[in-house]
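The file run_13.cif comes next; it holds mmCIF, C-alpha atoms.
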data_start
loop_
_atom_site.group_PDB
_atom_site.id
_atom_site.type_symbol
_atom_site.label_atom_id
_atom_site.label_comp_id
_atom_site.auth_asym_id
_atom_site.auth_seq_id
_atom_site.Cartn_x
_atom_site.Cartn_y
_atom_site.Cartn_z
ATOM 1 C CA MET A 1 254.732 121.788 168.426
ATOM 2 C CA THR A 2 256.081 118.677 166.704
ATOM 3 C CA PRO A 3 257.875 119.454 163.418
ATOM 4 C CA LEU A 4 256.042 118.103 160.375
ATOM 5 C CA ILE A 5 257.922 116.712 157.388
ATOM 6 C CA HIS A 6 256.087 117.576 154.165
ATOM 7 C CA ILE A 7 256.751 115.189 151.267
ATOM 8 C CA VAL A 8 255.879 116.609 147.839
ATOM 9 C CA ASP A 9 256.105 114.257 144.838
ATOM 10 C CA ASP A 10 253.843 113.270 141.952
ATOM 11 C CA ASP A 11 254.804 109.594 142.394
ATOM 12 C CA GLU A 12 252.214 108.134 144.789
ATOM 13 C CA SER A 13 254.189 104.944 145.444
ATOM 14 C CA PHE A 14 257.208 107.050 146.435
ATOM 15 C CA LEU A 15 255.036 109.162 148.739
ATOM 16 C CA ARG A 16 253.762 106.079 150.549
ATOM 17 C CA SER A 17 257.184 104.467 150.884
ATOM 18 C CA MET A 18 258.854 107.695 152.032
ATOM 19 C CA GLU A 19 256.125 108.327 154.591
ATOM 20 C CA ARG A 20 256.611 104.828 156.046
ATOM 21 C CA ARG A 21 260.371 105.325 155.995
ATOM 22 C CA LEU A 22 260.185 108.574 157.944
ATOM 23 C CA ARG A 23 257.603 107.378 160.421
ATOM 24 C CA GLY A 24 259.857 104.410 161.102
ATOM 25 C CA HIS A 25 262.512 106.889 162.240
ATOM 26 C CA GLY A 26 260.146 108.792 164.510
ATOM 27 C CA PHE A 27 259.201 111.673 162.204
ATOM 28 C CA THR A 28 255.699 112.999 161.674
ATOM 29 C CA ALA A 29 255.037 113.245 157.945
ATOM 30 C CA ALA A 30 252.366 114.427 155.506
ATOM 31 C CA THR A 31 252.254 113.759 151.758
ATOM 32 C CA TYR A 32 251.166 115.869 148.794
ATOM 33 C CA PRO A 33 250.926 114.775 145.131
ATOM 34 C CA SER A 34 251.583 118.273 143.783
ATOM 35 C CA VAL A 35 252.976 121.673 144.681
ATOM 36 C CA ASP A 36 249.494 123.203 144.618
ATOM 37 C CA ARG A 37 248.222 120.643 147.119
ATOM 38 C CA PHE A 38 251.148 121.413 149.406
ATOM 39 C CA PHE A 39 250.270 125.102 149.464
ATOM 40 C CA GLU A 40 246.706 124.150 150.441
ATOM 41 C CA ARG A 41 247.927 122.435 153.644
ATOM 42 C CA PRO A 42 245.721 123.199 156.674
ATOM 43 C CA ASP A 43 248.428 124.598 158.965
ATOM 44 C CA PRO A 44 250.917 126.652 156.909
ATOM 45 C CA ASP A 45 252.522 128.105 160.049
ATOM 46 C CA ALA A 46 253.585 124.768 161.556
ATOM 47 C CA PRO A 47 257.307 124.059 162.045
ATOM 48 C CA GLY A 48 259.125 121.448 159.995
ATOM 49 C CA CYS A 49 260.678 121.104 156.557
ATOM 50 C CA VAL A 50 259.883 119.985 153.018
ATOM 51 C CA LEU A 51 261.161 116.998 151.050
ATOM 52 C CA ALA A 52 260.431 117.788 147.422
ATOM 53 C CA ASP A 53 260.948 116.152 144.067
ATOM 54 C CA LEU A 54 262.475 118.420 141.470
ATOM 55 C CA GLN A 55 260.619 117.426 138.316
ATOM 56 C CA MET A 56 256.849 117.522 138.704
ATOM 57 C CA PRO A 57 254.024 118.467 136.305
ATOM 58 C CA LYS A 58 252.789 122.072 136.165
ATOM 59 C CA ARG A 59 254.775 123.418 139.130
ATOM 60 C CA ASP A 60 258.195 121.906 139.830
ATOM 61 C CA GLY A 61 260.443 121.849 142.861
ATOM 62 C CA PHE A 62 262.097 125.159 142.037
ATOM 63 C CA ASP A 63 258.668 126.802 141.866
ATOM 64 C CA LEU A 64 257.880 125.370 145.294
ATOM 65 C CA GLN A 65 261.204 126.588 146.685
ATOM 66 C CA GLU A 66 260.797 130.113 145.304
ATOM 67 C CA THR A 67 257.190 130.498 146.471
ATOM 68 C CA LEU A 68 257.949 129.077 149.904
ATOM 69 C CA ALA A 69 260.902 131.437 150.378
ATOM 70 C CA LYS A 70 258.536 134.401 149.962
ATOM 71 C CA SER A 71 255.956 133.066 152.445
ATOM 72 C CA ASP A 72 255.520 133.938 156.120
ATOM 73 C CA ASN A 73 256.841 130.498 157.080
ATOM 74 C CA PRO A 74 259.721 129.708 154.679
ATOM 75 C CA LEU A 75 260.353 126.087 155.602
ATOM 76 C CA PRO A 76 263.758 124.649 154.623
ATOM 77 C CA VAL A 77 263.680 122.460 151.519
ATOM 78 C CA VAL A 78 265.521 119.185 150.990
ATOM 79 C CA PHE A 79 265.351 118.051 147.383
ATOM 80 C CA VAL A 80 264.984 114.294 146.956
ATOM 81 C CA THR A 81 264.909 113.668 143.235
ATOM 82 C CA GLY A 82 265.222 110.804 140.802
ATOM 83 C CA LYS A 83 267.162 112.895 138.326
ATOM 84 C CA GLY A 84 269.736 115.515 139.109
ATOM 85 C CA ASP A 85 272.976 116.957 137.881
ATOM 86 C CA ILE A 86 275.627 119.289 139.230
ATOM 87 C CA PRO A 87 274.237 122.541 137.686
ATOM 88 C CA THR A 88 270.773 121.726 139.046
ATOM 89 C CA SER A 89 272.051 120.915 142.515
ATOM 90 C CA VAL A 90 274.149 124.104 142.552
ATOM 91 C CA ARG A 91 271.110 126.154 141.588
ATOM 92 C CA ALA A 92 269.065 124.548 144.359
ATOM 93 C CA MET A 93 271.701 125.113 147.018
ATOM 94 C CA ARG A 94 272.299 128.716 145.971
ATOM 95 C CA ALA A 95 268.565 129.323 146.315
ATOM 96 C CA GLY A 96 268.723 128.103 149.902
ATOM 97 C CA ALA A 97 268.028 124.366 149.770
ATOM 98 C CA GLU A 98 269.253 122.508 152.850
ATOM 99 C CA ASP A 99 270.416 119.539 150.778
ATOM 100 C CA PHE A 100 270.091 117.881 147.386
ATOM 101 C CA LEU A 101 269.774 114.086 147.467
ATOM 102 C CA THR A 102 268.826 111.343 145.041
ATOM 103 C CA LYS A 103 265.958 108.993 145.812
ATOM 104 C CA ARG A 104 268.539 106.248 146.281
ATOM 105 C CA ALA A 105 270.348 108.160 149.020
ATOM 106 C CA ALA A 106 271.179 106.235 152.169
ATOM 107 C CA THR A 107 268.685 106.572 154.998
ATOM 108 C CA ALA A 108 271.411 107.986 157.245
ATOM 109 C CA ASP A 109 272.042 110.811 154.771
ATOM 110 C CA LEU A 110 268.317 111.518 154.488
ATOM 111 C CA VAL A 111 267.787 111.581 158.247
ATOM 112 C CA ALA A 112 270.833 113.817 158.721
ATOM 113 C CA ALA A 113 269.501 116.282 156.134
ATOM 114 C CA ILE A 114 266.078 116.340 157.794
ATOM 115 C CA ASP A 115 267.611 116.899 161.232
ATOM 116 C CA ARG A 116 269.635 119.841 159.899
ATOM 117 C CA ALA A 117 266.549 121.283 158.205
ATOM 118 C CA ILE A 118 264.488 121.006 161.393
ATOM 119 C CA ASP A 119 267.238 122.658 163.450
ATOM 120 C CA ARG A 120 267.518 125.424 160.873
ATOM 121 C CA ASN A 121 263.763 125.963 160.918
ATOM 122 C CA ALA A 122 263.779 126.243 164.714
ATOM 123 C CA ARG A 123 266.564 128.865 164.607
ATOM 124 C CA GLU A 124 264.875 130.862 161.863
ATOM 125 C CA ARG A 125 261.492 130.766 163.604
ATOM 126 C CA ALA A 126 263.109 132.046 166.803
ATOM 127 C CA GLU A 127 264.792 134.848 164.849
ATOM 128 C CA ARG A 128 261.493 135.822 163.216
ATOM 129 C CA MET A 129 259.787 135.886 166.613
ATOM 130 C CA ARG A 130 262.507 138.125 168.054
ATOM 131 C CA SER A 131 262.295 140.388 165.024
ATOM 132 C CA ALA A 132 258.505 140.658 165.310
ATOM 133 C CA GLU A 133 258.716 141.441 169.025
ATOM 134 C CA SER A 134 261.379 144.095 168.395
ATOM 135 C CA ARG A 135 259.294 145.679 165.661
ATOM 136 C CA LYS A 136 256.303 145.708 167.986
ATOM 137 C CA LYS A 137 258.327 147.608 170.594
ATOM 138 C CA LEU A 138 259.532 150.159 168.046
ATOM 139 C CA ALA A 139 256.001 150.678 166.730
ATOM 140 C CA GLN A 140 254.955 151.928 170.185
ATOM 141 C CA LEU A 141 257.471 154.769 170.199
ATOM 142 C CA SER A 142 256.564 158.374 169.501
ATOM 143 C CA ASP A 143 258.142 160.290 166.641
ATOM 144 C CA ARG A 144 260.462 162.116 169.019
ATOM 145 C CA GLU A 145 261.494 158.887 170.765
ATOM 146 C CA LEU A 146 262.288 157.382 167.366
ATOM 147 C CA GLN A 147 264.469 160.416 166.658
ATOM 148 C CA MET A 148 266.345 159.813 169.891
ATOM 149 C CA LEU A 149 266.777 156.156 169.013
ATOM 150 C CA LEU A 150 268.046 157.089 165.565
ATOM 151 C CA GLY A 151 270.597 159.429 167.103
ATOM 152 C CA ILE A 152 271.760 156.749 169.528
ATOM 153 C CA VAL A 153 272.137 154.180 166.742
ATOM 154 C CA LYS A 154 274.148 156.717 164.753
ATOM 155 C CA GLY A 155 276.409 157.242 167.765
ATOM 156 C CA LEU A 156 275.458 160.885 168.336
ATOM 157 C CA GLN A 157 275.942 162.600 171.678
ATOM 158 C CA ASN A 158 273.192 164.698 173.269
ATOM 159 C CA ARG A 159 274.742 167.924 171.997
ATOM 160 C CA GLU A 160 274.953 166.552 168.457
ATOM 161 C CA MET A 161 271.340 165.353 168.564
ATOM 162 C CA ALA A 162 270.215 168.743 169.822
ATOM 163 C CA GLU A 163 271.923 170.400 166.839
ATOM 164 C CA GLU A 164 270.571 167.887 164.335
ATOM 165 C CA TYR A 165 266.975 168.042 165.552
ATOM 166 C CA GLY A 166 266.884 171.726 166.486
ATOM 167 C CA LEU A 167 266.302 171.053 170.183
ATOM 168 C CA SER A 168 267.890 172.041 173.458
ATOM 169 C CA GLU A 169 270.119 169.478 175.175
ATOM 170 C CA ARG A 170 267.635 169.486 178.056
ATOM 171 C CA THR A 171 264.857 168.413 175.693
ATOM 172 C CA VAL A 172 267.057 165.718 174.185
ATOM 173 C CA LYS A 173 267.854 164.350 177.666
ATOM 174 C CA TYR A 174 264.162 164.319 178.526
ATOM 175 C CA HIS A 175 263.151 162.352 175.447
ATOM 176 C CA ARG A 176 266.102 159.973 175.785
ATOM 177 C CA THR A 177 264.925 159.223 179.301
ATOM 178 C CA MET A 178 261.372 158.624 178.058
ATOM 179 C CA LEU A 179 262.722 156.317 175.348
ATOM 180 C CA THR A 180 264.797 154.162 177.681
ATOM 181 C CA ARG A 181 262.014 153.951 180.268
ATOM 182 C CA ARG A 182 259.426 152.941 177.690
ATOM 183 C CA LEU A 183 261.648 150.178 176.299
ATOM 184 C CA ASP A 184 263.230 149.322 179.659
ATOM 185 C CA ILE A 185 266.543 149.291 177.785
ATOM 186 C CA TYR A 186 269.230 151.709 178.942
ATOM 187 C CA ALA A 187 272.568 150.852 177.308
ATOM 188 C CA PRO A 188 273.152 152.294 173.816
ATOM 189 C CA VAL A 189 274.554 148.956 172.629
ATOM 190 C CA ASP A 190 271.343 147.189 173.677
ATOM 191 C CA LEU A 191 269.196 149.814 171.964
ATOM 192 C CA THR A 192 271.228 149.314 168.801
ATOM 193 C CA ARG A 193 270.808 145.546 169.107
ATOM 194 C CA LEU A 194 267.019 146.006 169.346
ATOM 195 C CA VAL A 195 267.001 147.841 166.027
ATOM 196 C CA GLN A 196 269.198 145.166 164.461
ATOM 197 C CA GLU A 197 266.947 142.381 165.720
ATOM 198 C CA ALA A 198 263.980 144.176 164.186
ATOM 199 C CA GLY A 199 265.789 144.027 160.846
ATOM 200 C CA ILE A 200 265.494 147.799 160.398
ATOM 201 C CA THR A 201 268.217 149.803 158.690
ATOM 202 C CA ILE A 202 269.272 153.315 159.703
ATOM 203 C CA GLU A 203 267.523 154.622 156.586
ATOM 204 C CA GLU A 204 264.289 152.869 157.535
ATOM 205 C CA LEU A 205 264.529 154.109 161.108
ATOM 206 C CA ALA A 206 265.052 157.658 159.813
ATOM 207 C CA ALA A 207 261.936 157.306 157.658
ATOM 208 C CA MET A 208 259.967 156.055 160.666
ATOM 209 C CA ALA A 209 261.141 158.968 162.787
ATOM 210 C CA GLY A 210 260.267 161.507 160.124
ATOM 211 C CA ALA A 211 257.018 159.954 158.933
ATOM 212 C CA LYS A 212 254.940 162.428 160.946
ATOM 213 C CA PRO A 213 255.603 165.919 162.280
ATOM 214 C CA ALA A 214 257.475 165.543 165.560
ATOM 215 C CA ARG A 215 255.666 166.712 168.658
ATOM 216 C CA ASP A 216 257.430 167.621 171.894
ATOM 217 C CA ARG A 217 256.075 166.026 175.062
ATOM 218 C CA GLY A 218 258.117 167.822 177.641
ATOM 219 C CA PRO A 219 260.296 170.785 178.452
#
Representation of the structure as structure tokens:
Amino acid sequence: MTPLIHIVDDDESFLRSMERRLRGHGFTAATYPSVDRFFERPDPDAPGCVLADLQMPKRDGFDLQETLAKSDNPLPVVFVTGKGDIPTSVRAMRAGAEDFLTKRAATADLVAAIDRAIDRNARERAERMRSAESRKKLAQLSDRELQMLLGIVKGLQNREMAEEYGLSERTVKYHRTMLTRRLDIYAPVDLTRLVQEAGITIEELAAMAGAKPARDRGP
């Protein structure tokens, strides 16, 4: 899918000129006269980035940045503003802005910022997809398999897991085998990486494993 550059500014003449400027450099762009109109866009899950003015009526650029960061598709933001100072730019960058430019910035600087934002969006989208897929795999595990996974992530040996969960080592080995077969992942380091990619902490994994009474499915 082609990345879309969203231009958000209350100055209509700037919107038109910026759209022409970006299209002239091969970008696909869409314009919005307000933050509210931007959040009404028809395809909120599309890849791309946002070029936003800072000072706008009702909802400003910081409001856009904060709301977007909490969304399911937190597109990178490049601020392109007519007025800016060092404290404002620092605040924007600390909140995750890709860049902070003035409206008089050179085209090369603007294009470079957009390219970085698009690359960043592609990386972050890929990470979110991996995380979602990892979470989907973990959601299919039984309570006992989650316990085994928790023990592996904690670096416990079979004997230690048997003591912690009140099981025999034979039962632990059985459920470890079921876990690795279900996930088709056999090395402890790869199982740990799966949990990390899912963005789940040891505490969260422990809560998942203990959410329901564990039920044995074997010897």
Show me, as a PyMOL selection string, the residues that have an atom within 9 Å of region 36-51 of chain A when counting only C-alpha atoms, minus same-chain residues fewer than 3 positions from it. chain A and resi 1-9+31-33+59+64+68+72-80+114+117-119+121-122+125
Separation of CA of Ala29 (chain A) and CA of Gln55 (chain A), in Å? 20.8 Å
CA of Arg23 (chain A) to CA of Asp60 (chain A), straight-line distance in Å: 25.2 Å
Please identify every residue of region 3-50 of chain A that has at least one atom no farther than 12 Å from an atom of region 93-110 of chain A, counting only C-alpha atoms, and for each give the shortest atom pair and the distance in Å to one decimal, arranged by chain then increasing number, as a Markdown table.
| residue | atom | partner | partner_atom | distance |
| --- | --- | --- | --- | --- |
| A:Ile5 | CA | A:Leu110 | CA | 12.0 |
| A:Asp9 | CA | A:Lys103 | CA | 11.2 |
| A:Asp11 | CA | A:Lys103 | CA | 11.7 |
| A:Phe14 | CA | A:Lys103 | CA | 9.0 |
| A:Leu15 | CA | A:Lys103 | CA | 11.3 |
| A:Ser17 | CA | A:Lys103 | CA | 11.1 |
| A:Met18 | CA | A:Lys103 | CA | 9.5 |
| A:Arg21 | CA | A:Thr107 | CA | 8.5 |
| A:Leu22 | CA | A:Thr107 | CA | 9.2 |
| A:Gly24 | CA | A:Thr107 | CA | 10.9 |
| A:His25 | CA | A:Thr107 | CA | 9.5 |
| A:Phe27 | CA | A:Leu110 | CA | 11.9 |
| A:Cys49 | CA | A:Glu98 | CA | 9.4 |
| A:Val50 | CA | A:Glu98 | CA | 9.7 |
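As for CA of Arg116 (chain A) and CA of Ile200 (chain A), they are spaced 28.3 Å apart.
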Ground truth for the PyMOL selection byres ((chain A and resi 160-170) around 10), written as a list in words: Arg144, Gln147, Met148, Leu150, Gly151, Ile152, Lys154, Gly155, Leu156, Gln157, Asn158, Arg159, Thr171, Val172, Lys173, Tyr174, His175, Arg176, Ala214, Asp216, Gly218 and Pro219 of chain A
